[in-house]
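Q: Data file upload.txt (compact mmCIF, C-alpha atoms) is appended below.
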# COMPACT_ATOMS: atom_id res chain seq x y z
CA MET A 5 -36.20 26.31 -14.59
CA SER A 6 -34.44 27.60 -11.52
CA THR A 7 -30.70 27.81 -11.13
CA LEU A 8 -28.39 27.94 -8.14
CA HIS A 9 -25.39 30.10 -8.97
CA THR A 10 -22.26 29.68 -6.87
CA VAL A 11 -19.61 32.41 -6.76
CA ASN A 12 -16.24 31.58 -5.20
CA LYS A 13 -14.24 34.73 -5.95
CA SER A 14 -14.04 37.98 -4.01
CA PRO A 15 -15.69 40.84 -5.93
CA PHE A 16 -12.48 42.79 -5.29
CA GLU A 17 -10.44 40.22 -7.20
CA ARG A 18 -12.52 39.21 -10.22
CA ASP A 19 -15.70 39.99 -12.10
CA SER A 20 -17.30 36.63 -11.18
CA LEU A 21 -19.92 38.15 -8.88
CA SER A 22 -20.80 41.06 -11.17
CA SER A 23 -21.06 38.70 -14.18
CA CYS A 24 -23.26 36.34 -12.17
CA ILE A 25 -25.54 39.17 -11.09
CA ARG A 26 -25.78 40.44 -14.68
CA LEU A 27 -26.76 37.00 -15.98
CA ALA A 28 -28.89 35.53 -13.18
CA ALA A 29 -32.61 35.44 -14.00
CA LYS A 30 -35.46 36.36 -11.69
CA GLY A 31 -36.23 33.60 -9.21
CA HIS A 32 -32.71 32.19 -9.24
CA SER A 33 -30.48 31.97 -6.17
CA ILE A 34 -26.86 32.92 -5.60
CA LEU A 35 -24.67 31.19 -3.01
CA LEU A 36 -21.41 32.90 -2.06
CA ILE A 37 -18.66 30.40 -1.15
CA GLU A 38 -14.88 30.42 -0.48
CA ASP A 39 -13.48 33.93 -1.17
CA GLY A 40 -16.86 34.70 -2.73
CA ALA A 41 -18.25 34.91 0.82
CA LEU A 42 -16.59 38.33 1.07
CA GLY A 43 -19.20 39.59 -1.39
CA ALA A 44 -21.81 39.21 1.36
CA MET A 45 -20.30 41.95 3.55
CA ALA A 46 -22.20 45.17 4.16
CA GLY A 47 -20.54 48.55 3.74
CA THR A 48 -18.16 47.60 0.93
CA ASP A 49 -17.76 49.08 -2.56
CA HIS A 50 -19.80 46.13 -3.87
CA SER A 51 -22.61 45.97 -1.28
CA ASP A 52 -25.04 48.09 -3.31
CA MET A 53 -24.63 45.83 -6.34
CA VAL A 54 -25.48 42.76 -4.21
CA ALA A 55 -28.34 44.44 -2.36
CA GLY A 56 -29.71 45.62 -5.74
CA VAL A 57 -30.14 42.10 -7.13
CA MET A 58 -31.87 40.83 -3.98
CA LYS A 59 -35.33 41.98 -5.08
CA ASP A 60 -35.21 39.34 -7.87
CA VAL A 61 -32.73 36.78 -6.57
CA SER A 62 -32.21 35.11 -3.17
CA VAL A 63 -28.66 35.44 -1.90
CA TYR A 64 -26.99 32.98 0.50
CA VAL A 65 -23.52 32.78 2.00
CA LEU A 66 -21.65 29.72 3.25
CA GLY A 67 -21.15 30.34 6.99
CA PRO A 68 -17.94 28.30 7.44
CA ASP A 69 -16.23 30.38 4.72
CA LEU A 70 -17.32 33.62 6.36
CA ALA A 71 -16.09 32.45 9.78
CA ALA A 72 -12.76 31.23 8.37
CA ARG A 73 -12.09 34.73 7.08
CA GLY A 74 -12.89 36.34 10.42
CA MET A 75 -16.04 38.02 9.13
CA SER A 76 -18.98 38.11 11.53
CA GLU A 77 -22.50 37.23 10.36
CA ASP A 78 -23.59 40.48 12.04
CA ARG A 79 -21.82 42.44 9.32
CA ILE A 80 -23.39 40.90 6.22
CA ILE A 81 -25.96 42.63 4.02
CA ASP A 82 -29.51 42.49 5.43
CA GLY A 83 -31.51 39.68 3.87
CA ILE A 84 -28.59 37.41 2.96
CA GLN A 85 -29.14 34.00 4.52
CA VAL A 86 -26.29 32.03 6.08
CA VAL A 87 -26.13 28.29 5.33
CA ASP A 88 -23.76 25.44 6.23
CA TYR A 89 -22.64 22.63 3.87
CA SER A 90 -25.89 20.71 4.38
CA GLY A 91 -27.76 23.90 3.50
CA PHE A 92 -25.59 24.12 0.36
CA VAL A 93 -26.66 20.58 -0.57
CA GLU A 94 -30.33 21.38 0.00
CA LEU A 95 -30.04 24.46 -2.21
CA THR A 96 -28.63 22.34 -5.06
CA ALA A 97 -31.48 19.85 -4.60
CA LYS A 98 -34.10 22.61 -4.58
CA HIS A 99 -32.93 24.15 -7.87
CA ASP A 100 -32.92 22.42 -11.27
CA THR A 101 -29.35 23.26 -12.26
CA CYS A 102 -26.14 24.60 -10.74
CA GLN A 103 -23.92 27.15 -12.41
CA SER A 104 -20.44 28.01 -11.06
CA TRP A 105 -18.91 31.44 -11.45
CA LEU A 106 -15.21 30.84 -10.96
CA MET B 5 -30.85 12.88 -5.84
CA LYS B 6 -27.78 11.83 -7.82
CA TYR B 7 -24.76 14.13 -8.12
CA SER B 8 -21.87 14.38 -10.55
CA ILE B 9 -18.99 16.57 -9.37
CA MET B 10 -16.12 18.14 -11.30
CA VAL B 11 -12.98 19.29 -9.44
CA ASN B 12 -10.75 21.55 -11.51
CA GLU B 13 -7.96 22.45 -9.10
CA GLY B 14 -5.31 20.51 -7.20
CA PRO B 15 -5.15 20.32 -3.43
CA TYR B 16 -3.75 23.06 -1.17
CA THR B 17 -3.31 25.95 -3.65
CA HIS B 18 -7.05 26.43 -4.11
CA GLN B 19 -9.94 25.67 -1.77
CA ALA B 20 -11.90 23.96 -4.55
CA SER B 21 -11.02 20.38 -3.59
CA ASP B 22 -11.76 21.04 0.12
CA THR B 23 -15.14 22.55 -0.70
CA ALA B 24 -15.97 19.64 -3.00
CA LEU B 25 -15.08 17.18 -0.23
CA HIS B 26 -17.26 18.98 2.33
CA PHE B 27 -20.08 19.12 -0.20
CA CYS B 28 -19.84 15.40 -0.99
CA LYS B 29 -19.83 14.45 2.70
CA ALA B 30 -22.88 16.65 3.38
CA ALA B 31 -24.71 15.21 0.35
CA LEU B 32 -24.00 11.66 1.52
CA ASP B 33 -25.17 12.57 5.06
CA ALA B 34 -28.41 13.81 3.51
CA GLY B 35 -28.88 10.40 1.90
CA TYR B 36 -28.02 11.50 -1.63
CA GLU B 37 -25.74 9.67 -4.04
CA ILE B 38 -22.42 10.90 -5.44
CA PHE B 39 -22.35 9.12 -8.78
CA ARG B 40 -18.93 10.30 -9.85
CA VAL B 41 -16.21 12.85 -9.08
CA PHE B 42 -14.27 13.86 -12.17
CA PHE B 43 -10.87 15.51 -11.72
CA TYR B 44 -9.80 17.81 -14.53
CA HIS B 45 -7.16 20.50 -15.19
CA ASP B 46 -4.80 20.62 -12.15
CA GLY B 47 -7.53 18.75 -10.27
CA VAL B 48 -5.79 15.54 -11.39
CA ASN B 49 -3.14 16.32 -8.73
CA ASN B 50 -5.65 15.28 -6.05
CA GLY B 51 -5.02 11.70 -7.14
CA THR B 52 -1.31 11.16 -6.46
CA ARG B 53 -0.54 8.99 -3.45
CA TYR B 54 2.84 10.74 -3.06
CA THR B 55 1.17 13.67 -1.32
CA VAL B 56 2.77 14.11 2.12
CA PRO B 57 1.42 17.21 3.87
CA PRO B 58 2.70 18.17 7.37
CA GLN B 59 1.09 16.11 10.15
CA ASP B 60 -0.97 19.03 11.48
CA ASP B 61 -2.54 19.60 8.05
CA ARG B 62 -5.33 17.65 6.39
CA ASN B 63 -4.44 15.02 3.81
CA ILE B 64 -6.83 15.81 0.97
CA GLN B 65 -5.85 12.85 -1.18
CA LYS B 66 -6.44 10.41 1.69
CA GLU B 67 -9.81 12.07 2.44
CA TRP B 68 -10.92 11.40 -1.14
CA SER B 69 -9.62 7.81 -1.05
CA LYS B 70 -11.40 7.20 2.27
CA LEU B 71 -14.65 8.66 1.01
CA ALA B 72 -14.47 6.58 -2.16
CA GLU B 73 -13.93 3.39 -0.19
CA ALA B 74 -16.68 4.06 2.36
CA HIS B 75 -19.32 5.06 -0.18
CA GLU B 76 -18.17 3.37 -3.41
CA ILE B 77 -17.70 6.67 -5.18
CA ASP B 78 -16.21 6.61 -8.65
CA LEU B 79 -13.17 8.95 -8.61
CA VAL B 80 -12.07 9.54 -12.20
CA ILE B 81 -8.94 11.36 -13.30
CA CYS B 82 -8.92 12.70 -16.84
CA ILE B 83 -6.28 10.87 -18.83
CA ALA B 84 -5.26 13.77 -21.09
CA ALA B 85 -4.95 16.18 -18.15
CA ALA B 86 -3.14 13.50 -16.09
CA GLN B 87 -0.58 12.76 -18.77
CA ARG B 88 0.27 16.47 -19.05
CA ARG B 89 0.81 16.61 -15.27
CA GLY B 90 2.49 13.29 -14.54
CA ILE B 91 -0.28 11.34 -12.83
CA MET B 92 0.02 7.69 -13.90
CA ASP B 93 -1.49 4.35 -13.08
CA ALA B 94 0.58 1.18 -13.54
CA ASP B 95 -0.65 0.43 -17.07
CA GLU B 96 -0.12 3.95 -18.32
CA ALA B 97 3.34 4.25 -16.70
CA LYS B 98 4.36 1.03 -18.43
CA ARG B 99 2.96 2.18 -21.76
CA GLN B 100 4.89 5.47 -21.46
CA GLY B 101 8.09 3.69 -20.42
CA LEU B 102 8.14 5.35 -17.00
CA ASP B 103 9.73 3.80 -13.91
CA GLY B 104 6.69 3.90 -11.64
CA ASP B 105 3.10 4.94 -11.07
CA ASN B 106 1.68 7.33 -8.47
CA ILE B 107 -2.10 7.00 -8.59
CA ALA B 108 -3.81 6.92 -5.18
CA PRO B 109 -6.21 4.17 -4.01
CA GLY B 110 -9.81 4.62 -5.13
CA PHE B 111 -8.91 6.76 -8.15
CA ARG B 112 -8.93 5.55 -11.74
CA ILE B 113 -7.76 7.15 -14.97
CA SER B 114 -10.18 7.45 -17.86
CA GLY B 115 -11.36 9.75 -20.64
CA LEU B 116 -13.38 12.95 -20.78
CA GLY B 117 -16.39 10.91 -21.86
CA GLN B 118 -16.79 10.03 -18.17
CA LEU B 119 -17.45 13.70 -17.39
CA ILE B 120 -20.11 14.01 -20.10
CA GLU B 121 -21.65 10.69 -19.04
CA GLY B 122 -21.77 11.96 -15.45
CA GLY B 123 -23.64 15.05 -16.61
CA ILE B 124 -26.13 12.92 -18.53
CA ILE B 125 -26.80 10.39 -15.79
CA ALA B 126 -26.75 12.61 -12.69
CA ASP B 127 -29.61 14.88 -11.57
CA ARG B 128 -27.18 17.67 -10.71
CA GLN B 129 -23.74 18.60 -12.03
CA LEU B 130 -21.53 20.80 -9.87
CA VAL B 131 -18.19 22.41 -10.73
CA PHE B 132 -15.57 23.31 -8.14
CA GLY B 133 -12.63 25.23 -9.51
CA ASP B 134 -10.83 28.54 -9.86
CA MET C 6 -28.16 7.56 -23.96
CA ALA C 7 -30.35 10.57 -23.25
CA THR C 8 -29.71 13.93 -24.83
CA LYS C 9 -29.24 16.88 -22.52
CA LYS C 10 -28.55 20.53 -23.12
CA PHE C 11 -24.91 21.15 -22.19
CA MET C 12 -23.68 24.73 -21.81
CA PHE C 13 -19.96 25.43 -21.67
CA ILE C 14 -19.17 28.80 -20.13
CA ASN C 15 -15.85 30.39 -21.04
CA ARG C 16 -14.77 33.43 -19.04
CA LYS C 17 -10.98 33.42 -19.32
CA ALA C 18 -8.56 34.63 -21.97
CA PRO C 19 -6.55 31.94 -23.78
CA TYR C 20 -2.86 31.03 -23.04
CA GLY C 21 -2.53 32.73 -19.61
CA THR C 22 -4.20 29.64 -18.16
CA VAL C 23 -5.07 26.25 -19.67
CA TYR C 24 -8.84 26.56 -19.12
CA ALA C 25 -9.75 27.64 -22.68
CA LEU C 26 -7.84 24.79 -24.30
CA GLU C 27 -9.03 22.08 -21.93
CA SER C 28 -12.61 23.40 -22.14
CA LEU C 29 -12.48 22.97 -25.91
CA GLU C 30 -11.39 19.35 -25.41
CA VAL C 31 -14.52 18.67 -23.31
CA VAL C 32 -16.74 20.44 -25.85
CA LEU C 33 -15.59 18.06 -28.58
CA ILE C 34 -16.31 15.03 -26.39
CA GLY C 35 -19.77 16.45 -25.60
CA ALA C 36 -20.45 16.56 -29.32
CA ALA C 37 -19.15 12.99 -29.74
CA PHE C 38 -21.76 11.92 -27.15
CA GLU C 39 -24.38 13.59 -29.39
CA GLN C 40 -25.47 16.06 -26.73
CA ASP C 41 -27.09 19.41 -27.46
CA VAL C 42 -23.97 21.54 -26.98
CA SER C 43 -23.78 25.33 -26.66
CA LEU C 44 -20.87 27.59 -25.76
CA ALA C 45 -20.97 31.00 -24.12
CA PHE C 46 -18.16 33.55 -24.18
CA ILE C 47 -18.39 36.05 -21.34
CA GLY C 48 -15.88 38.54 -19.94
CA ASP C 49 -12.32 37.79 -21.02
CA GLY C 50 -13.66 34.59 -22.59
CA VAL C 51 -14.42 36.60 -25.74
CA TYR C 52 -10.65 36.74 -26.40
CA GLN C 53 -10.69 32.98 -26.96
CA ILE C 54 -12.28 33.49 -30.37
CA ALA C 55 -10.39 36.66 -31.35
CA LYS C 56 -9.11 36.80 -34.91
CA GLY C 57 -5.39 36.71 -35.73
CA GLN C 58 -4.00 34.78 -32.76
CA SER C 59 -0.29 34.13 -33.24
CA THR C 60 1.55 32.18 -30.56
CA ASP C 61 4.99 31.75 -32.18
CA GLY C 62 6.51 34.22 -29.74
CA ILE C 63 5.35 32.39 -26.61
CA GLY C 64 6.15 28.86 -27.72
CA MET C 65 2.63 27.54 -27.16
CA LYS C 66 0.34 25.80 -29.63
CA ASN C 67 -2.19 28.11 -31.27
CA PHE C 68 -5.42 26.18 -30.73
CA SER C 69 -7.74 28.84 -32.17
CA PRO C 70 -8.19 26.93 -35.50
CA THR C 71 -10.05 24.27 -33.50
CA TYR C 72 -12.96 26.71 -33.02
CA LYS C 73 -13.33 26.81 -36.81
CA ALA C 74 -13.82 23.03 -36.82
CA LEU C 75 -16.69 23.09 -34.29
CA GLY C 76 -19.27 23.42 -37.09
CA ASP C 77 -18.12 20.05 -38.46
CA TYR C 78 -19.03 18.52 -35.10
CA GLU C 79 -22.50 20.08 -35.31
CA ILE C 80 -21.66 22.62 -32.63
CA THR C 81 -23.38 25.66 -34.06
CA LYS C 82 -24.40 27.73 -31.04
CA LEU C 83 -21.63 30.02 -29.84
CA TYR C 84 -23.14 32.79 -27.73
CA VAL C 85 -21.09 35.95 -27.27
CA GLU C 86 -22.27 38.44 -24.68
CA LYS C 87 -22.57 41.84 -26.33
CA GLU C 88 -21.82 43.75 -23.11
CA SER C 89 -18.54 41.83 -22.61
CA LEU C 90 -17.44 42.50 -26.19
CA GLU C 91 -18.27 46.21 -25.96
CA ALA C 92 -16.57 46.60 -22.57
CA ARG C 93 -13.37 45.42 -24.25
CA GLY C 94 -13.67 47.78 -27.21
CA LEU C 95 -14.26 44.89 -29.60
CA THR C 96 -16.83 44.22 -32.32
CA LEU C 97 -17.86 41.08 -34.23
CA ASP C 98 -15.22 42.01 -36.85
CA ASP C 99 -12.52 41.32 -34.26
CA LEU C 100 -13.72 37.72 -33.87
CA MET C 101 -13.00 34.75 -36.12
CA PRO C 102 -15.72 34.23 -38.76
CA LEU C 103 -17.03 30.93 -37.40
CA VAL C 104 -19.59 29.16 -39.57
CA TRP C 105 -21.38 25.85 -39.99
CA GLU C 106 -22.83 24.17 -43.09
CA ASP C 107 -26.59 23.61 -43.01
CA GLU C 108 -27.18 20.33 -44.84
CA ASP C 109 -30.94 21.00 -44.87
CA ASP C 110 -30.32 24.23 -46.77
CA ASP C 111 -28.04 23.06 -49.60
CA TYR C 112 -24.99 23.26 -47.32
CA ALA C 113 -25.29 27.00 -46.99
CA GLU C 114 -22.69 28.47 -44.66
CA LYS C 115 -24.32 30.05 -41.60
CA PRO C 116 -22.71 31.98 -38.77
CA SER C 117 -22.18 30.07 -35.52
CA ILE C 118 -21.56 33.17 -33.43
CA ARG C 119 -24.71 34.64 -31.92
CA LEU C 120 -24.24 38.07 -30.45
CA VAL C 121 -26.69 38.36 -27.55
CA SER C 122 -27.43 40.82 -24.77
CA SER C 123 -27.04 39.85 -21.11
CA ALA C 124 -30.82 39.51 -20.81
CA GLU C 125 -30.99 37.22 -23.87
CA LEU C 126 -28.08 35.13 -22.61
CA ALA C 127 -29.75 34.80 -19.20
CA GLU C 128 -32.73 33.23 -21.00
CA VAL C 129 -30.47 30.80 -22.85
CA PHE C 130 -28.80 29.80 -19.57
CA ASP C 131 -32.19 29.30 -17.97
CA ASP C 132 -32.96 26.56 -20.50
CA GLN C 133 -29.86 24.36 -19.91
CA ASP C 134 -29.64 20.97 -18.18
CA VAL C 135 -25.91 20.86 -17.44
CA VAL C 136 -23.65 23.88 -17.10
CA LEU C 137 -19.88 23.39 -17.10
CA SER C 138 -17.81 26.45 -16.20
CA PHE C 139 -14.18 26.98 -17.12
Could you quickly redo this structure as structure tokens?
A:
Amino acid sequence: MSTLHTVNKSPFERDSLSSCIRLAAKGHSILLIEDGALGAMAGTDHSDMVAGVMKDVSVYVLGPDLAARGMSEDRIIDGIQVVDYSGFVELTAKHDTCQSWL
Amino acid sequence: MKYSIMVNEGPYTHQASDTALHFCKAALDAGYEIFRVFFYHDGVNNGTRYTVPPQDDRNIQKEWSKLAEAHEIDLVICIAAAQRRGIMDADEAKRQGLDGDNIAPGFRISGLGQLIEGGIIADRQLVFGD
Amino acid sequence: MATKKFMFINRKAPYGTVYALESLEVVLIGAAFEQDVSLAFIGDGVYQIAKGQSTDGIGMKNFSPTYKALGDYEITKLYVEKESLEARGLTLDDLMPLVWEDEDDDYAEKPSIRLVSSAELAEVFDDQDVVLSF
């Protein structure tokens, strides 16, 4: 089975993203939403952790949440794909289950 | 594709309800079905019609009510969570001896079984919360 | 009604927020609907099943005895992530001894808590139909 994990907390605030990365299986996807979008930024204390999981897991970020926080798509980690809400919906349809990391 | 959605936070403090709304609209635009939205924890606070945000802000409760009416979406507020937080329909207010109800149009109050049933019937279950 | 695999993920300590208590209420309903129910305790969620909870001083109801009743509702799969427990300096001895009675084995008491590694828990998650996070 394949799972879409959503993370809505900044990695600076909670362990949601690190827990998700620890427990996501190969072939799963992670979508960063709300404050979780901040986990997509390059050059942070958490960027290596995110880049490290990307060989096994596809990582996406919700564009509107990135924009709302004044963070440019140019500054996200290489290989993270930006989606809008319809892209979010398609990701849920493409995977068998959805798991939220709050 | 049939979706069941759980919203665990009230409006305004957390983004959860906004994100859930955007998700539901996008899913409907894609031709998918929202079978049920279940409001739990402080999420029950999305269903009071006494929400009066400033005019330049969005009215999250009205957005849910509008969506429910346009697409016949079942908006369910958990009764146990609602009673703890003072969200009442007319029957429940009467039963509790309260002087009025506050439930918003399109919402109904029911039990947690509705959440489990949603998970069983829907193809996908999503959780929006904190 | 169909039977699905429901996983309830608990990642928050009890009492500071209502999530642990209200999660438990959903778990019991899931069992009443005769679904295949599992629970996972990750991160601070492991504190939900800590031994010796005493809430007299904070004026809140101690709901930890409810976990002991889960076995009676045929909820027998409580996964605890080993890494989370260790990170908090805890061992299995710090958790409530939760058991269920196996009626196919002369009602022998069996442990409900399954201590698993992150990798093992990831496999368990991979097999679920519905995941509810609290």
Q: Only residues of chain B matter here; which ones have an atom within 8 Å of chain C, counting all atoms listed in the file? Give them as a list in words.
A: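 Result: His45, Leu116, Gly117, Ile120, Gly123, Ile124, Arg128, Gln129, Leu130, Val131 and Gly133 of chain B.
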Q: From the set A:Leu42, A:Ile34, A:Ile81, A:Pro68, which residue has the shortest atom-to-atom contact distance to chain B, counting all atoms listed in the file?
A: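 Smallest separation from chain B among the options: A:Pro68.
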Q: Enclose all atoms of segment 84-97 of chain C listed in the file in an axis-aligned box, grow every side by 4 Å, and hand back centre and edge lengths in Å to one decimal, as lines of an AutoDock Vina configuration file.
A:
center_x = -18.3
center_y = 40.3
center_z = -28.4
size_x = 17.8
size_y = 23.0
size_z = 19.7
Q: Just the residues within 12 Å of Asp107 of chain C, please, counting all atoms listed in the file, with nothing from its chain fewer than 4 positions along; format it as a PyMOL selection string.
A: chain C and resi 76-77+79-81+111-117
Q: What gap, in Å, lies between atom CA of Gly91 of chain A and atom CA of Leu71 of chain B?
A: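 Interatomic distance, atom CA of Gly91 of chain A to atom CA of Leu71 of chain B: 20.3 Å.
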Q: Just the number, please: distance in Å from atom CA of Ser122 of chain C to atom CA of Phe16 of chain A, one decimal.
A: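 Result for atom CA of Ser122 of chain C versus atom CA of Phe16 of chain A: 24.6 Å, one decimal.
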Q: What are the residues of chain B that have an atom within 6 Å of an atom of chain A, counting all atoms listed in the file, as a ChimeraX atom specification?
A: /B:27,30-31,134
Q: Would you output that residue set with C-alpha atoms, as a PDB file, keeping the file's coordinate frame?
A:
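Below is the file that was written, out.pdb:
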ATOM      1  CA  PHE B  27     -20.080  19.120  -0.200  1.00  0.00           C
ATOM      2  CA  ALA B  30     -22.880  16.650   3.380  1.00  0.00           C
ATOM      3  CA  ALA B  31     -24.710  15.210   0.350  1.00  0.00           C
ATOM      4  CA  ASP B 134     -10.830  28.540  -9.860  1.00  0.00           C
TER       5      ASP B 134
END
Q: Select all residues from chain A having any atom no more than 12 Å from an atom of chain C (counting all atoms listed in the file, ignoring ligands), output as a ChimeraX atom specification.
A: /A:5-11,18-32,99-106
Q: So, with only C-alpha atoms as the atoms that count, which of A:Gly43, A:Leu35, A:His50, A:Ser62 lies closest to Val87 of chain A?
A: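 Using only C-alpha atoms, the shortest distance to Val87 of chain A belongs to A:Leu35.
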Q: For atom CA of Gly51 of chain B and atom CA of Glu73 of chain B, quote the distance in Å rounded to one decimal.
A: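 Between these atoms lies a distance of 14.0 Å.
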Q: Of the candidates C:Phe13, C:Gly21, C:Val42, C:Gln58, which one gets nearest to Asp99 of chain C if we count all atoms listed in the file?
A: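 Closest to Asp99 of chain C, using all atoms listed in the file: C:Gln58.
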Q: For Gln65 of chain B, work out the shell of residues within 12 Å, counting only C-alpha atoms and skipping chain neighbours fewer than 3 positions away, then give it as a PyMOL selection string.
A: chain B and resi 14-16+21-22+25+43+47-57+61-62+68-72+79+106-111
Q: Can you write out the residues you just picked, keeping C-alpha atoms, as a CSV table (one decimal), in the coordinates of the input?
A:
chain,number,residue,atom,x,y,z
B,14,GLY,CA,-5.3,20.5,-7.2
B,15,PRO,CA,-5.2,20.3,-3.4
B,16,TYR,CA,-3.8,23.1,-1.2
B,21,SER,CA,-11.0,20.4,-3.6
B,22,ASP,CA,-11.8,21.0,0.1
B,25,LEU,CA,-15.1,17.2,-0.2
B,43,PHE,CA,-10.9,15.5,-11.7
B,47,GLY,CA,-7.5,18.8,-10.3
B,48,VAL,CA,-5.8,15.5,-11.4
B,49,ASN,CA,-3.1,16.3,-8.7
B,50,ASN,CA,-5.6,15.3,-6.0
B,51,GLY,CA,-5.0,11.7,-7.1
B,52,THR,CA,-1.3,11.2,-6.5
B,53,ARG,CA,-0.5,9.0,-3.4
B,54,TYR,CA,2.8,10.7,-3.1
B,55,THR,CA,1.2,13.7,-1.3
B,56,VAL,CA,2.8,14.1,2.1
B,57,PRO,CA,1.4,17.2,3.9
B,61,ASP,CA,-2.5,19.6,8.0
B,62,ARG,CA,-5.3,17.6,6.4
B,68,TRP,CA,-10.9,11.4,-1.1
B,69,SER,CA,-9.6,7.8,-1.0
B,70,LYS,CA,-11.4,7.2,2.3
B,71,LEU,CA,-14.6,8.7,1.0
B,72,ALA,CA,-14.5,6.6,-2.2
B,79,LEU,CA,-13.2,9.0,-8.6
B,106,ASN,CA,1.7,7.3,-8.5
B,107,ILE,CA,-2.1,7.0,-8.6
B,108,ALA,CA,-3.8,6.9,-5.2
B,109,PRO,CA,-6.2,4.2,-4.0
B,110,GLY,CA,-9.8,4.6,-5.1
B,111,PHE,CA,-8.9,6.8,-8.2
Q: For Ile91 of chain B, which residue among B:His75, B:His18, B:Arg40, B:Arg112 is the nearest when counting all atoms listed in the file?
A: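 So, comparing all the options, the nearest one is B:Arg112.
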Q: Counting all atoms listed in the file, what is within 9 Å of Phe39 of chain B, bar same-chain residues fewer than 6 positions away, as a ChimeraX atom specification?
A: /B:6-9,76-78,122,125-126
